[in-house]
Structure formats: C-alpha cells, structure tokens
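Here's data-v1.pdb, which has PDB, C-alpha atoms, pLDDT in the B column:
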ATOM      1  CA  MET A 696     -81.108 177.674-156.134  1.00 50.00           C
ATOM      2  CA  ASN A 697     -78.923 180.775-155.968  1.00 50.00           C
ATOM      3  CA  ASN A 698     -75.521 180.243-154.386  1.00 53.00           C
ATOM      4  CA  ILE A 699     -76.191 182.370-151.288  1.00 50.00           C
ATOM      5  CA  LEU A 700     -73.357 182.410-148.777  1.00 51.00           C
ATOM      6  CA  VAL A 701     -74.292 182.021-145.135  1.00 50.00           C
ATOM      7  CA  LYS A 702     -72.287 185.143-144.291  1.00 52.00           C
ATOM      8  CA  ASP A 703     -74.531 187.115-146.638  1.00 50.00           C
ATOM      9  CA  ILE A 704     -77.667 186.025-144.769  1.00 53.00           C
ATOM     10  CA  PRO A 705     -78.771 188.365-141.942  1.00 48.00           C
ATOM     11  CA  LEU A 706     -77.425 187.028-138.641  1.00 50.00           C
ATOM     12  CA  LEU A 707     -80.811 186.150-137.124  1.00 47.00           C
ATOM     13  CA  ASP A 708     -81.829 184.263-140.289  1.00 57.00           C
ATOM     14  CA  ARG A 709     -78.804 181.944-140.300  1.00 79.00           C
ATOM     15  CA  PRO A 710     -79.504 178.286-139.412  1.00 84.00           C
ATOM     16  CA  ARG A 711     -77.537 178.175-136.157  1.00 86.00           C
ATOM     17  CA  GLU A 712     -78.978 181.457-134.908  1.00 88.00           C
ATOM     18  CA  ARG A 713     -82.504 180.375-135.893  1.00 85.00           C
ATOM     19  CA  LEU A 714     -82.025 177.139-133.963  1.00 87.00           C
ATOM     20  CA  LEU A 715     -81.019 179.068-130.846  1.00 88.00           C
ATOM     21  CA  LYS A 716     -83.914 181.497-131.175  1.00 84.00           C
ATOM     22  CA  TYR A 717     -86.764 179.257-132.350  1.00 82.00           C
ATOM     23  CA  GLY A 718     -85.669 175.735-131.392  1.00 85.00           C
ATOM     24  CA  VAL A 719     -84.513 172.845-133.549  1.00 84.00           C
ATOM     25  CA  ILE A 720     -88.054 171.680-134.363  1.00 82.00           C
ATOM     26  CA  ASN A 721     -88.741 174.893-136.292  1.00 83.00           C
ATOM     27  CA  LEU A 722     -85.835 174.566-138.730  1.00 84.00           C
ATOM     28  CA  SER A 723     -86.328 173.377-142.289  1.00 88.00           C
ATOM     29  CA  ASN A 724     -84.649 170.211-143.584  1.00 89.00           C
ATOM     30  CA  GLU A 725     -82.281 172.392-145.590  1.00 90.00           C
ATOM     31  CA  GLU A 726     -81.268 174.370-142.506  1.00 90.00           C
ATOM     32  CA  LEU A 727     -80.672 171.232-140.447  1.00 92.00           C
ATOM     33  CA  LEU A 728     -78.474 169.762-143.170  1.00 92.00           C
ATOM     34  CA  SER A 729     -76.547 173.024-143.370  1.00 91.00           C
ATOM     35  CA  ILE A 730     -75.721 172.811-139.662  1.00 92.00           C
ATOM     36  CA  VAL A 731     -74.548 169.196-140.015  1.00 93.00           C
ATOM     37  CA  LEU A 732     -72.387 169.979-143.079  1.00 92.00           C
ATOM     38  CA  LYS A 733     -70.965 173.099-141.337  1.00 89.00           C
ATOM     39  CA  ASN A 734     -69.579 174.805-144.446  1.00 88.00           C
ATOM     40  CA  GLY A 735     -69.627 174.851-148.207  1.00 86.00           C
ATOM     41  CA  THR A 736     -66.915 174.619-150.845  1.00 86.00           C
ATOM     42  CA  LYS A 737     -65.133 177.148-152.991  1.00 83.00           C
ATOM     43  CA  ASN A 738     -67.924 177.029-155.551  1.00 82.00           C
ATOM     44  CA  GLU A 739     -70.942 176.020-153.455  1.00 83.00           C
ATOM     45  CA  SER A 740     -72.401 177.513-150.275  1.00 86.00           C
ATOM     46  CA  VAL A 741     -73.461 175.138-147.517  1.00 88.00           C
ATOM     47  CA  MET A 742     -77.091 176.054-148.217  1.00 87.00           C
ATOM     48  CA  SER A 743     -76.604 175.077-151.863  1.00 89.00           C
ATOM     49  CA  LEU A 744     -75.029 171.758-150.849  1.00 90.00           C
ATOM     50  CA  SER A 745     -78.009 171.044-148.597  1.00 91.00           C
ATOM     51  CA  TYR A 746     -80.382 171.885-151.419  1.00 90.00           C
ATOM     52  CA  ASN A 747     -78.467 169.574-153.784  1.00 90.00           C
ATOM     53  CA  ILE A 748     -78.792 166.677-151.321  1.00 92.00           C
ATOM     54  CA  LEU A 749     -82.527 167.188-150.867  1.00 91.00           C
ATOM     55  CA  LYS A 750     -82.987 167.514-154.617  1.00 90.00           C
ATOM     56  CA  SER A 751     -81.355 164.107-155.118  1.00 91.00           C
ATOM     57  CA  ILE A 752     -83.996 162.270-153.057  1.00 90.00           C
ATOM     58  CA  ASN A 753     -87.770 161.988-153.241  1.00 87.00           C
ATOM     59  CA  ASN A 754     -88.453 162.377-149.534  1.00 84.00           C
ATOM     60  CA  ILE A 755     -86.456 163.275-146.422  1.00 85.00           C
ATOM     61  CA  THR A 756     -86.960 159.708-145.109  1.00 83.00           C
ATOM     62  CA  ASP A 757     -84.905 158.459-148.081  1.00 85.00           C
ATOM     63  CA  LEU A 758     -81.806 159.725-146.273  1.00 87.00           C
ATOM     64  CA  LYS A 759     -81.910 156.657-144.032  1.00 83.00           C
ATOM     65  CA  ASP A 760     -80.916 154.495-147.012  1.00 82.00           C
ATOM     66  CA  ILE A 761     -78.477 156.851-148.725  1.00 88.00           C
ATOM     67  CA  THR A 762     -74.916 155.629-149.305  1.00 90.00           C
ATOM     68  CA  ILE A 763     -71.497 157.250-149.463  1.00 90.00           C
ATOM     69  CA  ASN A 764     -71.342 156.506-153.185  1.00 91.00           C
ATOM     70  CA  LYS A 765     -74.593 158.325-153.855  1.00 92.00           C
ATOM     71  CA  LEU A 766     -73.663 161.270-151.643  1.00 92.00           C
ATOM     72  CA  THR A 767     -70.242 161.773-153.203  1.00 92.00           C
ATOM     73  CA  LYS A 768     -71.839 161.894-156.651  1.00 92.00           C
ATOM     74  CA  ILE A 769     -73.688 165.036-155.585  1.00 91.00           C
ATOM     75  CA  ASN A 770     -71.918 168.190-156.676  1.00 87.00           C
ATOM     76  CA  GLY A 771     -69.913 169.623-153.770  1.00 88.00           C
ATOM     77  CA  ILE A 772     -70.191 166.613-151.446  1.00 92.00           C
ATOM     78  CA  GLY A 773     -66.865 164.986-150.765  1.00 91.00           C
ATOM     79  CA  GLU A 774     -66.047 161.952-148.686  1.00 93.00           C
ATOM     80  CA  VAL A 775     -65.659 163.880-145.401  1.00 93.00           C
ATOM     81  CA  LYS A 776     -69.055 165.569-145.690  1.00 92.00           C
ATOM     82  CA  ALA A 777     -70.666 162.296-146.743  1.00 92.00           C
ATOM     83  CA  ILE A 778     -69.207 160.491-143.716  1.00 94.00           C
ATOM     84  CA  THR A 779     -70.340 163.290-141.374  1.00 93.00           C
ATOM     85  CA  LEU A 780     -73.880 163.138-142.710  1.00 93.00           C
ATOM     86  CA  LEU A 781     -74.075 159.335-142.575  1.00 92.00           C
ATOM     87  CA  ALA A 782     -72.794 159.347-138.976  1.00 93.00           C
ATOM     88  CA  SER A 783     -75.476 161.888-138.005  1.00 92.00           C
ATOM     89  CA  ILE A 784     -78.208 159.811-139.643  1.00 90.00           C
ATOM     90  CA  GLU A 785     -77.026 156.639-137.908  1.00 88.00           C
ATOM     91  CA  LEU A 786     -76.832 158.378-134.523  1.00 89.00           C
ATOM     92  CA  GLY A 787     -80.408 159.624-134.938  1.00 85.00           C
ATOM     93  CA  ARG A 788     -81.537 156.135-135.931  1.00 80.00           C
ATOM     94  CA  ARG A 789     -79.971 154.616-132.805  1.00 79.00           C
ATOM     95  CA  VAL A 790     -81.500 157.242-130.511  1.00 78.00           C
ATOM     96  CA  TYR A 791     -84.937 156.662-132.024  1.00 73.00           C
ATOM     97  CA  GLN A 792     -84.522 152.896-131.848  1.00 67.00           C
ATOM     98  CA  GLU A 793     -83.523 153.097-128.182  1.00 62.00           C
ATOM     99  CA  GLN A 794     -86.563 155.229-127.388  1.00 62.00           C
ATOM    100  CA  ASN A 795     -88.798 152.707-129.127  1.00 61.00           C
ATOM    101  CA  ASN A 796     -87.386 149.902-127.004  1.00 61.00           C
ATOM    102  CA  ILE A 797     -88.605 151.614-123.812  1.00 74.00           C
ATOM    103  CA  LYS A 798     -92.239 150.884-123.032  1.00 85.00           C
ATOM    104  CA  ILE A 799     -93.974 153.982-121.670  1.00 90.00           C
ATOM    105  CA  LEU A 800     -97.183 153.450-119.712  1.00 94.00           C
ATOM    106  CA  LEU A 801     -99.620 156.367-119.984  1.00 96.00           C
ATOM    107  CA  ASN A 802    -102.684 155.189-118.099  1.00 95.00           C
ATOM    108  CA  ASP A 803    -102.974 158.312-115.942  1.00 95.00           C
ATOM    109  CA  SER A 804    -103.003 162.041-116.723  1.00 95.00           C
ATOM    110  CA  LYS A 805    -100.170 162.675-114.243  1.00 94.00           C
ATOM    111  CA  LEU A 806     -97.956 160.273-116.175  1.00 95.00           C
ATOM    112  CA  VAL A 807     -98.764 162.135-119.402  1.00 96.00           C
ATOM    113  CA  PHE A 808     -97.944 165.459-117.724  1.00 94.00           C
ATOM    114  CA  ASN A 809     -94.596 164.144-116.467  1.00 92.00           C
ATOM    115  CA  TYR A 810     -93.811 162.689-119.889  1.00 91.00           C
ATOM    116  CA  LEU A 811     -94.419 165.934-121.829  1.00 92.00           C
ATOM    117  CA  HIS A 812     -93.894 168.750-119.333  1.00 89.00           C
ATOM    118  CA  ASP A 813     -90.218 169.359-120.091  1.00 85.00           C
ATOM    119  CA  GLU A 814     -90.851 169.293-123.828  1.00 85.00           C
ATOM    120  CA  LEU A 815     -93.669 171.844-123.653  1.00 88.00           C
ATOM    121  CA  TYR A 816     -92.354 174.026-120.836  1.00 82.00           C
ATOM    122  CA  ASP A 817     -91.889 177.673-121.816  1.00 78.00           C
ATOM    123  CA  LYS A 818     -93.000 177.168-125.430  1.00 84.00           C
ATOM    124  CA  LYS A 819     -94.232 180.418-126.985  1.00 83.00           C
ATOM    125  CA  GLN A 820     -96.679 178.675-129.315  1.00 86.00           C
ATOM    126  CA  GLU A 821     -99.304 176.030-128.789  1.00 89.00           C
ATOM    127  CA  TYR A 822     -98.193 172.512-129.672  1.00 91.00           C
ATOM    128  CA  PHE A 823    -100.879 169.927-130.395  1.00 92.00           C
ATOM    129  CA  ILE A 824     -99.591 166.439-129.652  1.00 94.00           C
ATOM    130  CA  VAL A 825    -101.344 163.126-130.163  1.00 95.00           C
ATOM    131  CA  LEU A 826    -100.338 160.071-128.152  1.00 97.00           C
ATOM    132  CA  TYR A 827    -101.251 156.744-129.761  1.00 96.00           C
ATOM    133  CA  LEU A 828    -101.667 153.887-127.279  1.00 96.00           C
ATOM    134  CA  ASP A 829    -101.979 150.126-127.473  1.00 95.00           C
ATOM    135  CA  ASN A 830    -104.709 148.148-125.688  1.00 95.00           C
ATOM    136  CA  LYS A 831    -102.752 148.221-122.401  1.00 95.00           C
ATOM    137  CA  LYS A 832    -102.239 152.013-122.525  1.00 95.00           C
ATOM    138  CA  TYR A 833     -98.561 151.771-123.494  1.00 95.00           C
ATOM    139  CA  LEU A 834     -97.324 154.414-125.909  1.00 94.00           C
ATOM    140  CA  ILE A 835     -97.003 153.300-129.515  1.00 92.00           C
ATOM    141  CA  GLU A 836     -95.968 156.669-130.890  1.00 90.00           C
ATOM    142  CA  LYS A 837     -96.076 160.378-130.134  1.00 91.00           C
ATOM    143  CA  LYS A 838     -96.768 162.829-132.946  1.00 91.00           C
ATOM    144  CA  ILE A 839     -96.643 166.619-132.968  1.00 88.00           C
ATOM    145  CA  LEU A 840     -99.359 167.319-135.511  1.00 87.00           C
ATOM    146  CA  PHE A 841     -99.918 171.064-135.273  1.00 86.00           C
ATOM    147  CA  ILE A 842     -98.123 174.160-134.033  1.00 83.00           C
ATOM    148  CA  GLY A 843     -99.969 177.426-133.494  1.00 75.00           C
ATOM    149  CA  THR A 844    -103.330 178.485-132.126  1.00 64.00           C
ATOM    150  CA  ILE A 845    -105.468 175.389-131.744  1.00 54.00           C
ATOM    151  CA  ASN A 846    -108.824 175.617-133.510  1.00 49.00           C
ATOM    152  CA  TYR A 847    -110.926 173.863-136.131  1.00 43.00           C
ATOM    153  CA  SER A 848    -108.945 175.334-139.007  1.00 44.00           C
ATOM    154  CA  THR A 849    -105.625 173.832-137.868  1.00 65.00           C
ATOM    155  CA  VAL A 850    -106.617 170.545-136.242  1.00 74.00           C
ATOM    156  CA  HIS A 851    -107.733 168.122-138.921  1.00 80.00           C
ATOM    157  CA  PRO A 852    -109.391 164.927-137.640  1.00 87.00           C
ATOM    158  CA  ARG A 853    -108.257 163.048-140.739  1.00 87.00           C
ATOM    159  CA  GLU A 854    -104.610 163.544-139.736  1.00 87.00           C
ATOM    160  CA  ILE A 855    -105.241 162.369-136.184  1.00 91.00           C
ATOM    161  CA  PHE A 856    -107.123 159.225-137.156  1.00 93.00           C
ATOM    162  CA  LYS A 857    -105.006 158.455-140.208  1.00 92.00           C
ATOM    163  CA  TYR A 858    -102.049 157.752-137.916  1.00 92.00           C
ATOM    164  CA  ALA A 859    -104.286 155.861-135.486  1.00 94.00           C
ATOM    165  CA  TYR A 860    -105.105 153.389-138.259  1.00 93.00           C
ATOM    166  CA  LEU A 861    -101.533 153.198-139.539  1.00 92.00           C
ATOM    167  CA  LEU A 862    -100.238 152.489-136.035  1.00 92.00           C
ATOM    168  CA  SER A 863    -103.085 150.117-135.096  1.00 94.00           C
ATOM    169  CA  SER A 864    -103.766 152.286-132.076  1.00 96.00           C
ATOM    170  CA  SER A 865    -106.414 151.201-129.572  1.00 96.00           C
ATOM    171  CA  SER A 866    -106.941 154.643-128.030  1.00 97.00           C
ATOM    172  CA  ILE A 867    -105.744 158.231-128.226  1.00 97.00           C
ATOM    173  CA  ILE A 868    -104.730 160.942-125.765  1.00 98.00           C
ATOM    174  CA  LEU A 869    -104.738 164.529-126.989  1.00 97.00           C
ATOM    175  CA  VAL A 870    -102.299 166.995-125.437  1.00 96.00           C
ATOM    176  CA  HIS A 871    -101.649 170.661-126.014  1.00 94.00           C
ATOM    177  CA  ASN A 872    -100.044 173.465-124.066  1.00 93.00           C
ATOM    178  CA  HIS A 873    -101.179 176.940-123.131  1.00 92.00           C
ATOM    179  CA  PRO A 874     -98.191 179.317-123.335  1.00 90.00           C
ATOM    180  CA  SER A 875    -100.008 181.666-120.930  1.00 89.00           C
ATOM    181  CA  GLY A 876     -99.723 179.027-118.215  1.00 90.00           C
ATOM    182  CA  ASP A 877    -103.494 179.022-117.624  1.00 91.00           C
ATOM    183  CA  THR A 878    -104.653 175.446-118.100  1.00 93.00           C
ATOM    184  CA  LEU A 879    -108.413 176.024-118.097  1.00 94.00           C
ATOM    185  CA  PRO A 880    -109.853 174.936-121.464  1.00 93.00           C
ATOM    186  CA  SER A 881    -111.171 177.603-123.800  1.00 91.00           C
ATOM    187  CA  LYS A 882    -114.521 177.314-125.589  1.00 91.00           C
ATOM    188  CA  GLU A 883    -112.558 176.288-128.692  1.00 89.00           C
ATOM    189  CA  ASP A 884    -110.735 173.575-126.720  1.00 91.00           C
ATOM    190  CA  ILE A 885    -114.020 172.181-125.450  1.00 93.00           C
ATOM    191  CA  SER A 886    -115.728 172.272-128.850  1.00 91.00           C
ATOM    192  CA  LEU A 887    -112.764 170.662-130.565  1.00 91.00           C
ATOM    193  CA  THR A 888    -112.541 167.917-127.959  1.00 94.00           C
ATOM    194  CA  LYS A 889    -116.256 167.094-128.222  1.00 94.00           C
ATOM    195  CA  ASN A 890    -115.947 166.902-132.000  1.00 92.00           C
ATOM    196  CA  LEU A 891    -112.945 164.573-131.867  1.00 94.00           C
ATOM    197  CA  ILE A 892    -114.589 162.375-129.228  1.00 95.00           C
ATOM    198  CA  GLU A 893    -117.548 161.792-131.523  1.00 95.00           C
ATOM    199  CA  ILE A 894    -115.291 161.017-134.484  1.00 94.00           C
ATOM    200  CA  GLY A 895    -113.304 158.634-132.278  1.00 95.00           C
ATOM    201  CA  LYS A 896    -116.488 156.771-131.349  1.00 94.00           C
ATOM    202  CA  LEU A 897    -117.443 156.441-135.008  1.00 93.00           C
ATOM    203  CA  ASN A 898    -113.999 155.090-135.850  1.00 92.00           C
ATOM    204  CA  GLY A 899    -113.797 152.737-132.898  1.00 94.00           C
ATOM    205  CA  ILE A 900    -110.673 154.499-131.590  1.00 95.00           C
ATOM    206  CA  PRO A 901    -111.695 156.405-128.460  1.00 96.00           C
ATOM    207  CA  ILE A 902    -110.217 159.659-127.225  1.00 97.00           C
ATOM    208  CA  ILE A 903    -109.564 158.750-123.588  1.00 97.00           C
ATOM    209  CA  ASP A 904    -108.270 162.146-122.431  1.00 98.00           C
ATOM    210  CA  HIS A 905    -107.340 165.623-123.544  1.00 97.00           C
ATOM    211  CA  ILE A 906    -104.696 167.206-121.365  1.00 97.00           C
ATOM    212  CA  ILE A 907    -103.777 170.896-121.339  1.00 96.00           C
ATOM    213  CA  ILE A 908    -100.311 171.605-119.957  1.00 95.00           C
ATOM    214  CA  GLY A 909     -99.254 174.899-118.371  1.00 92.00           C
ATOM    215  CA  ASN A 910     -95.937 175.780-116.796  1.00 83.00           C
ATOM    216  CA  ASN A 911     -96.194 173.529-113.752  1.00 86.00           C
ATOM    217  CA  ASN A 912     -99.719 172.190-113.836  1.00 92.00           C
ATOM    218  CA  TYR A 913    -102.252 170.585-116.130  1.00 96.00           C
ATOM    219  CA  TYR A 914    -105.947 170.110-116.832  1.00 96.00           C
ATOM    220  CA  SER A 915    -107.378 166.683-117.640  1.00 97.00           C
ATOM    221  CA  PHE A 916    -110.704 166.505-119.467  1.00 97.00           C
ATOM    222  CA  TYR A 917    -111.126 162.952-118.133  1.00 96.00           C
ATOM    223  CA  LYS A 918    -110.527 163.851-114.487  1.00 96.00           C
ATOM    224  CA  ASN A 919    -112.894 166.809-114.795  1.00 95.00           C
ATOM    225  CA  ASN A 920    -115.648 164.633-116.273  1.00 92.00           C
ATOM    226  CA  MET A 921    -115.447 166.420-119.623  1.00 89.00           C
ATOM    227  CA  LEU A 922    -115.288 163.243-121.716  1.00 85.00           C
TER     228      LEU A 922
END
Show me, as structure tokens, the structure contained in the file I just sent.
Amino acid sequence: MNNILVKDIPLLDRPRERLLKYGVINLSNEELLSIVLKNGTKNESVMSLSYNILKSINNITDLKDITINKLTKINGIGEVKAITLLASIELGRRVYQEQNNIKILLNDSKLVFNYLHDELYDKKQEYFIVLYLDNKKYLIEKKILFIGTINYSTVHPREIFKYAYLLSSSSIILVHNHPSGDTLPSKEDISLTKNLIEIGKLNGIPIIDHIIIGNNNYYSFYKNNML
C-alpha cells in the first residue's frame, strides 16, 4: 500500500470526516483502525499502519486474540499504539458481552419497533435487519444483512437462513426501514416477504413478522394479516 498521509486525502474522504457524514457502520476496517491509532509515524502514515495490522491477520475477528507482542512486531506499531488498540478491543468485547447478558423479549411488533427505532431513525438508506429468536421469542442475535434498496438482487435467503441454523434460531423477524417515512409495503416488499415465508416453512424456521419502520411509526405484516 502506498504511504498516503491523511492530510493528503481530501477532507471529506478522511476517516473521521467520513464517520461524521456517513456513520460509523459505513467505515472500512482500515478506517476504523486509523481513528483508533490517531496518527502514524515518521515513516508510516496511520492508514499504512492500519493496513499493516490487517495484513498480519487472516480475518478481522482475529483481533480479539492478538497480543502486544504480535502487535509490536508489526512495522510502525509501538507499545503505546498496541496498548491503545488492545484497550479498544477489550472495551468492545465488554460492551458486546453486557448486551448479550440482557434478555430482550420480542413477542410483539411494538417491542420490535421500540428496540430498533432509534437505530433506524433518519437513515438515508434502507437497512435490512434480521432478528433471530429462541423458542420463547427472546432475541438470540440481531444482524444487519443488507444496506441499500431492498429487492431480490440484494436479499439472499441463504444468508438469512445460514445464520438461523448457526444460531439455532426457532423463528425469525425481518425488519427494514423506509427512509421516506412511508411505512406501507411496496410490491417488492410483499413479494420478497412471501418468498422468504415459503423458504422459512421449508426450513422449519418460520418468519413470524416483517416490520417496516418509518420515522415514528411502523407497519407489521403479521398485524395486517400479510403472513
């Protein structure tokens, strides 16, 4: 990777500015690492340091097991940067662990709306979220699977049901937002939902609702007898 200095990158393309404009979820792993590391060294830009870290591992999840010794062997990563990165990883782990310790009951569309409204409010793109539930309708895991216009070309049933099997999910709730604020389902929403319902029946993992969230309201396929 070329040693590009952050100051040479156009202002709106720099990691911190991109985070402010597009949100943290839309940053690459390299950009997120660059923000954590803050700056580079005399010979390496912060973007280059981030690239070097990612190059040293097989997958981003490998960072959870990385050590100070391994980090400081990477060109440009000293003890201070290694400690900063490890502290960030540990903080994220504790936050995620704490969230997992809280049992979230999602046996009603209003509860789903309350759970996701703040996250989806004022988003400029459609987010397709899948909620995987246990046999008592408690949340096992939430996954954002697709971002962009929701249609057959972007929503792949294999991704949805792959995680259902991995998580031993008993049922699924589909959720997506309409940036326009209008929660009425489109023809594409209805067709997609019908398709996924049938696949869910075949797999023994039912789709129990599909909820469309607007700014301050929602549409439930279940409550409107669309399932």
Residues matched by the PyMOL selection byres ((chain A and resi 723) around 12), written as a PDB file with C-alpha atoms, keeping the file's coordinate frame:
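Writing the result to part-v5.pdb gives the following:
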ATOM      1  CA  ASP A 708     -81.829 184.263-140.289  1.00 57.00           C
ATOM      2  CA  ARG A 709     -78.804 181.944-140.300  1.00 79.00           C
ATOM      3  CA  PRO A 710     -79.504 178.286-139.412  1.00 84.00           C
ATOM      4  CA  ARG A 711     -77.537 178.175-136.157  1.00 86.00           C
ATOM      5  CA  ARG A 713     -82.504 180.375-135.893  1.00 85.00           C
ATOM      6  CA  LEU A 714     -82.025 177.139-133.963  1.00 87.00           C
ATOM      7  CA  TYR A 717     -86.764 179.257-132.350  1.00 82.00           C
ATOM      8  CA  GLY A 718     -85.669 175.735-131.392  1.00 85.00           C
ATOM      9  CA  VAL A 719     -84.513 172.845-133.549  1.00 84.00           C
ATOM     10  CA  ILE A 720     -88.054 171.680-134.363  1.00 82.00           C
ATOM     11  CA  ASN A 721     -88.741 174.893-136.292  1.00 83.00           C
ATOM     12  CA  LEU A 722     -85.835 174.566-138.730  1.00 84.00           C
ATOM     13  CA  ASN A 724     -84.649 170.211-143.584  1.00 89.00           C
ATOM     14  CA  GLU A 725     -82.281 172.392-145.590  1.00 90.00           C
ATOM     15  CA  GLU A 726     -81.268 174.370-142.506  1.00 90.00           C
ATOM     16  CA  LEU A 727     -80.672 171.232-140.447  1.00 92.00           C
ATOM     17  CA  LEU A 728     -78.474 169.762-143.170  1.00 92.00           C
ATOM     18  CA  SER A 729     -76.547 173.024-143.370  1.00 91.00           C
ATOM     19  CA  ILE A 730     -75.721 172.811-139.662  1.00 92.00           C
ATOM     20  CA  MET A 742     -77.091 176.054-148.217  1.00 87.00           C
ATOM     21  CA  SER A 745     -78.009 171.044-148.597  1.00 91.00           C
ATOM     22  CA  TYR A 746     -80.382 171.885-151.419  1.00 90.00           C
ATOM     23  CA  LEU A 749     -82.527 167.188-150.867  1.00 91.00           C
ATOM     24  CA  ILE A 755     -86.456 163.275-146.422  1.00 85.00           C
TER      25      ILE A 755
END
Would you place a box with edges along x, y and z of the file around all atoms of stretch 868-874 of chain A listed there, add 8 Å to each of its six sides, and report the centre and edge lengths in Å to one decimal, as JSON?
{"center_x": -101.5, "center_y": 170.1, "center_z": -125.1, "size_x": 22.5, "size_y": 34.4, "size_z": 19.9}
**Report entry** Contacts of A:Asn910 within 8 Å, all atoms listed in the file, excl. fewer than 4 positions in-chain, as a list in words
**Finding:**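 In the requested format, the answer is His812, Tyr816, Asp817, Pro874 and Gly876 of chain A.
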Report summary line: Restricting to only C-alpha atoms, whichever of A:Gly787, A:Asn754, A:Leu744, A:Asn802 is closest to A:Thr767 is A:Leu744
Residues selected by the PyMOL selection byres ((chain A and resi 768-780) around 7), written as an mmCIF file with C-alpha atoms, in the coordinates of the input:
data_model
loop_
_atom_site.group_PDB
_atom_site.id
_atom_site.type_symbol
_atom_site.label_atom_id
_atom_site.label_comp_id
_atom_site.auth_asym_id
_atom_site.auth_seq_id
_atom_site.Cartn_x
_atom_site.Cartn_y
_atom_site.Cartn_z
ATOM 1 C CA VAL A 731 -74.548 169.196 -140.015
ATOM 2 C CA LEU A 732 -72.387 169.979 -143.079
ATOM 3 C CA THR A 736 -66.915 174.619 -150.845
ATOM 4 C CA GLU A 739 -70.942 176.020 -153.455
ATOM 5 C CA LEU A 744 -75.029 171.758 -150.849
ATOM 6 C CA ASN A 747 -78.467 169.574 -153.784
ATOM 7 C CA ILE A 748 -78.792 166.677 -151.321
ATOM 8 C CA ILE A 763 -71.497 157.250 -149.463
ATOM 9 C CA ASN A 764 -71.342 156.506 -153.185
ATOM 10 C CA LYS A 765 -74.593 158.325 -153.855
ATOM 11 C CA LEU A 766 -73.663 161.270 -151.643
ATOM 12 C CA THR A 767 -70.242 161.773 -153.203
ATOM 13 C CA LEU A 781 -74.075 159.335 -142.575
ATOM 14 C CA ALA A 782 -72.794 159.347 -138.976
ATOM 15 C CA SER A 783 -75.476 161.888 -138.005
ATOM 16 C CA ILE A 784 -78.208 159.811 -139.643
#
